[in-house]
file data-v6.tsv (TSV, C-alpha atoms)
chain	number	residue	atom	x	y	z
X	1	MET	CA	203.23	-113.33	-101.63
X	2	TYR	CA	200.35	-112.60	-103.98
X	3	ILE	CA	201.92	-114.80	-106.65
X	4	ILE	CA	202.05	-117.78	-104.28
X	5	GLY	CA	198.38	-117.32	-103.35
X	6	PHE	CA	197.39	-116.97	-107.00
X	7	ILE	CA	199.32	-120.12	-107.99
X	8	LEU	CA	197.80	-122.04	-105.07
X	9	GLY	CA	194.34	-120.91	-106.19
X	10	ILE	CA	194.99	-122.14	-109.73
X	11	VAL	CA	196.24	-125.48	-108.39
X	12	LEU	CA	193.09	-125.86	-106.28
X	13	VAL	CA	190.86	-125.08	-109.27
X	14	VAL	CA	192.62	-127.60	-111.52
X	15	TRP	CA	192.70	-130.24	-108.79
X	16	GLY	CA	189.02	-129.65	-108.09
X	17	ILE	CA	188.13	-130.12	-111.75
X	18	TYR	CA	190.12	-133.34	-111.84
X	19	ARG	CA	188.46	-134.64	-108.65
X	20	MET	CA	184.98	-133.75	-109.93
X	21	ARG	CA	185.58	-135.87	-113.03
X	22	THR	CA	187.16	-138.88	-111.33
X	23	ASP	CA	185.71	-139.27	-107.83
X	24	ASP	CA	182.98	-141.76	-107.11
X	25	GLY	CA	180.29	-140.95	-104.60
X	26	LEU	CA	178.34	-143.21	-102.32
X	27	PHE	CA	175.01	-142.05	-103.71
X	28	GLY	CA	173.82	-140.53	-106.95
X	29	LYS	CA	172.96	-141.70	-110.42
X	30	ASN	CA	175.13	-139.27	-112.36
X	31	GLN	CA	178.43	-137.53	-111.68
X	32	LYS	CA	176.77	-134.19	-110.81
X	33	ASN	CA	174.70	-135.74	-108.01
X	34	LYS	CA	177.71	-137.69	-106.75
X	35	ASN	CA	179.77	-134.49	-106.63
X	36	LEU	CA	177.05	-132.60	-104.73
X	37	PHE	CA	176.74	-135.42	-102.20
X	38	ASN	CA	180.53	-135.47	-101.75
X	39	LEU	CA	180.45	-131.70	-101.15
X	40	LEU	CA	177.83	-132.09	-98.43
X	41	LEU	CA	179.63	-135.06	-96.88
X	42	MET	CA	183.29	-133.99	-97.12
X	43	GLY	CA	183.19	-130.23	-97.68
X	44	GLU	CA	186.49	-128.80	-98.94
X	45	ALA	CA	187.94	-132.28	-99.50
X	46	SER	CA	185.51	-132.84	-102.38
X	47	GLY	CA	186.16	-131.74	-105.95
X	48	ILE	CA	183.53	-129.00	-105.90
X	49	GLY	CA	184.85	-127.75	-102.56
X	50	GLN	CA	188.40	-127.52	-103.88
X	51	PHE	CA	187.19	-125.83	-107.05
X	52	LEU	CA	185.18	-123.22	-105.13
X	53	GLY	CA	187.99	-122.75	-102.60
X	54	GLY	CA	190.43	-122.06	-105.43
X	55	ILE	CA	188.12	-119.51	-107.02
X	56	ILE	CA	187.60	-117.75	-103.69
X	57	LEU	CA	191.37	-117.70	-103.08
X	58	ILE	CA	192.04	-116.21	-106.51
X	59	ILE	CA	189.39	-113.52	-105.93
X	60	ALA	CA	190.83	-112.74	-102.47
X	61	VAL	CA	194.35	-112.42	-103.90
X	62	ILE	CA	193.15	-110.08	-106.65
X	63	ILE	CA	191.22	-107.93	-104.15
X	64	GLY	CA	194.22	-107.91	-101.80
X	65	PHE	CA	196.52	-106.83	-104.62
X	66	PHE	CA	194.34	-103.87	-105.55
X	67	VAL	CA	193.66	-102.82	-101.94
X	68	ARG	CA	197.36	-102.74	-101.22

call {"tool": "encode", "arguments": {"input": "data-v6.tsv", "output": "structure tokens"}}
result
Amino acid sequence: MYIIGFILGIVLVVWGIYRMRTDDGLFGKNQKNKNLFNLLLMGEASGIGQFLGGIILIIAVIIGFFVR
């Protein structure tokens, strides 16, 4: 079960990085500002949200593995 969570976390991190590089935002002059606006507007559906969600999932799986 931990392996599935870890793999899902890695997929979310990679997908988040891809979305941060390719998504266009409604507002913002550079990609960083567009990504931050997308995070505020869409939350987890944005590239930064997926990236952070993947990191949190990986940390939770590692903590869960050691607590077990």

call {"tool": "closest_residue", "arguments": {"input": "data-v6.tsv", "among": "X:Leu57, X:Ile17, X:Ile7, X:Ile63", "to": "Asn35 (chain X)", "atoms": "only C-alpha atoms"}}
result
X:Ile17

call {"tool": "residues_around", "arguments": {"input": "data-v6.tsv", "residues": "region 48-50 of chain X", "least_positions_apart": "5", "cutoff": "10 Å", "atoms": "all atoms listed in the file", "output": "list in words"}}
result
Gly9, Val11, Leu12, Val13, Val14, Trp15, Gly16, Ile17, Tyr18, Arg19, Met20, Lys32, Asn35, Leu36, Asn38, Leu39, Leu40, Met42, Gly43, Ile55 and Ile56 of chain X

call {"tool": "write_last_selection", "arguments": {"input": "data-v6.tsv", "atoms": "C-alpha atoms", "output": "PDB file, keeping the file's coordinate frame"}}
result
ATOM      1  CA  GLY X   9     194.340-120.910-106.190  1.00  0.00           C
ATOM      2  CA  VAL X  11     196.240-125.480-108.390  1.00  0.00           C
ATOM      3  CA  LEU X  12     193.090-125.860-106.280  1.00  0.00           C
ATOM      4  CA  VAL X  13     190.860-125.080-109.270  1.00  0.00           C
ATOM      5  CA  VAL X  14     192.620-127.600-111.520  1.00  0.00           C
ATOM      6  CA  TRP X  15     192.700-130.240-108.790  1.00  0.00           C
ATOM      7  CA  GLY X  16     189.020-129.650-108.090  1.00  0.00           C
ATOM      8  CA  ILE X  17     188.130-130.120-111.750  1.00  0.00           C
ATOM      9  CA  TYR X  18     190.120-133.340-111.840  1.00  0.00           C
ATOM     10  CA  ARG X  19     188.460-134.640-108.650  1.00  0.00           C
ATOM     11  CA  MET X  20     184.980-133.750-109.930  1.00  0.00           C
ATOM     12  CA  LYS X  32     176.770-134.190-110.810  1.00  0.00           C
ATOM     13  CA  ASN X  35     179.770-134.490-106.630  1.00  0.00           C
ATOM     14  CA  LEU X  36     177.050-132.600-104.730  1.00  0.00           C
ATOM     15  CA  ASN X  38     180.530-135.470-101.750  1.00  0.00           C
ATOM     16  CA  LEU X  39     180.450-131.700-101.150  1.00  0.00           C
ATOM     17  CA  LEU X  40     177.830-132.090 -98.430  1.00  0.00           C
ATOM     18  CA  MET X  42     183.290-133.990 -97.120  1.00  0.00           C
ATOM     19  CA  GLY X  43     183.190-130.230 -97.680  1.00  0.00           C
ATOM     20  CA  ILE X  55     188.120-119.510-107.020  1.00  0.00           C
ATOM     21  CA  ILE X  56     187.600-117.750-103.690  1.00  0.00           C
TER      22      ILE X  56
END

call {"tool": "atom_distance", "arguments": {"input": "data-v6.tsv", "atom1": "CA of Asp24 (chain X)", "atom2": "CA of Phe6 (chain X)"}}
result
28.7 Å

call {"tool": "atom_distance", "arguments": {"input": "data-v6.tsv", "atom1": "CA of Gly5 (chain X)", "atom2": "CA of Val61 (chain X)"}}
result
6.4 Å

call {"tool": "closest_residue", "arguments": {"input": "data-v6.tsv", "among": "X:Asn33, X:Met1, X:Leu41, X:Ile10", "to": "Phe65 (chain X)", "atoms": "only C-alpha atoms"}}
result
X:Met1

call {"tool": "atom_distance", "arguments": {"input": "data-v6.tsv", "atom1": "CA of Phe51 (chain X)", "atom2": "CA of Arg68 (chain X)"}}
result
25.9 Å

call {"tool": "axis_aligned_box", "arguments": {"input": "data-v6.tsv", "around": "region 24-36 of chain X", "padding_each_side": "8 Å", "output": "lines of an AutoDock Vina configuration file"}}
result
center_x = 178.0
center_y = -137.9
center_z = -107.3
size_x = 26.0
size_y = 26.6
size_z = 26.0

call {"tool": "residues_around", "arguments": {"input": "data-v6.tsv", "residues": "Tyr2 (chain X)", "least_positions_apart": "6", "cutoff": "10 Å", "atoms": "only C-alpha atoms", "output": "ChimeraX atom specification"}}
result
/X:8,58,60-62,64-65

call {"tool": "decode", "arguments": {"input": "data-v6.tsv", "residues": "chain X", "atoms": "C-alpha atoms", "output": "short mmCIF file (atom, residue, chain, number, x, y, z; two decimals), in the first residue's frame"}}
result
data_model
loop_
_atom_site.label_atom_id
_atom_site.label_comp_id
_atom_site.auth_asym_id
_atom_site.auth_seq_id
_atom_site.Cartn_x
_atom_site.Cartn_y
_atom_site.Cartn_z
CA MET X 1 0.00 0.00 0.00
CA TYR X 2 2.88 2.35 0.76
CA ILE X 3 4.37 1.70 -2.68
CA ILE X 4 1.14 2.76 -4.40
CA GLY X 5 1.00 5.98 -2.38
CA PHE X 6 4.66 6.71 -3.09
CA ILE X 7 4.22 6.12 -6.83
CA LEU X 8 1.09 8.30 -6.87
CA GLY X 9 3.05 11.05 -5.10
CA ILE X 10 5.82 10.86 -7.70
CA VAL X 11 3.25 11.01 -10.51
CA LEU X 12 1.66 14.09 -8.95
CA VAL X 13 5.03 15.81 -8.61
CA VAL X 14 6.00 15.12 -12.23
CA TRP X 15 2.56 16.09 -13.52
CA GLY X 16 2.68 19.28 -11.46
CA ILE X 17 6.06 20.23 -12.90
CA TYR X 18 4.74 19.62 -16.41
CA ARG X 19 1.60 21.69 -15.76
CA MET X 20 3.63 24.55 -14.26
CA ARG X 21 5.70 24.77 -17.43
CA THR X 22 2.86 24.48 -19.95
CA ASP X 23 -0.30 26.02 -18.47
CA ASP X 24 -1.39 29.50 -19.39
CA GLY X 25 -3.03 31.72 -16.82
CA LEU X 26 -5.61 34.42 -17.23
CA PHE X 27 -3.41 37.03 -15.58
CA GLY X 28 0.29 37.50 -15.07
CA LYS X 29 3.25 38.69 -17.06
CA ASN X 30 5.54 35.72 -16.45
CA GLN X 31 4.99 32.02 -15.86
CA LYS X 32 5.56 32.29 -12.08
CA ASN X 33 2.76 34.84 -11.65
CA LYS X 34 0.46 32.82 -13.91
CA ASN X 35 1.12 29.70 -11.83
CA LEU X 36 0.42 31.52 -8.56
CA PHE X 37 -2.84 32.92 -9.93
CA ASN X 38 -3.86 29.44 -11.13
CA LEU X 39 -3.13 28.08 -7.64
CA LEU X 40 -5.39 30.69 -6.05
CA LEU X 41 -8.11 30.18 -8.66
CA MET X 42 -8.08 26.39 -9.11
CA GLY X 43 -6.28 25.04 -6.05
CA GLU X 44 -5.14 21.42 -6.44
CA ALA X 45 -6.01 21.41 -10.15
CA SER X 46 -3.15 23.83 -10.85
CA GLY X 47 0.43 22.75 -11.46
CA ILE X 48 1.71 24.13 -8.16
CA GLY X 49 -1.17 22.49 -6.31
CA GLN X 50 -0.42 19.09 -7.84
CA PHE X 51 3.29 19.52 -7.15
CA LEU X 52 2.70 20.41 -3.49
CA GLY X 53 0.08 17.67 -3.12
CA GLY X 54 2.56 15.11 -4.44
CA ILE X 55 5.25 16.25 -2.03
CA ILE X 56 2.83 16.10 0.91
CA LEU X 57 1.70 12.61 -0.15
CA ILE X 58 5.29 11.37 -0.38
CA ILE X 59 6.07 12.80 3.08
CA ALA X 60 2.90 11.21 4.53
CA VAL X 61 3.79 7.82 3.05
CA ILE X 62 7.32 7.99 4.46
CA ILE X 63 6.02 8.99 7.91
CA GLY X 64 3.38 6.25 7.75
CA PHE X 65 6.01 3.67 6.82
CA PHE X 66 8.21 4.53 9.79
CA VAL X 67 5.32 4.82 12.27
CA ARG X 68 4.11 1.38 11.31
#
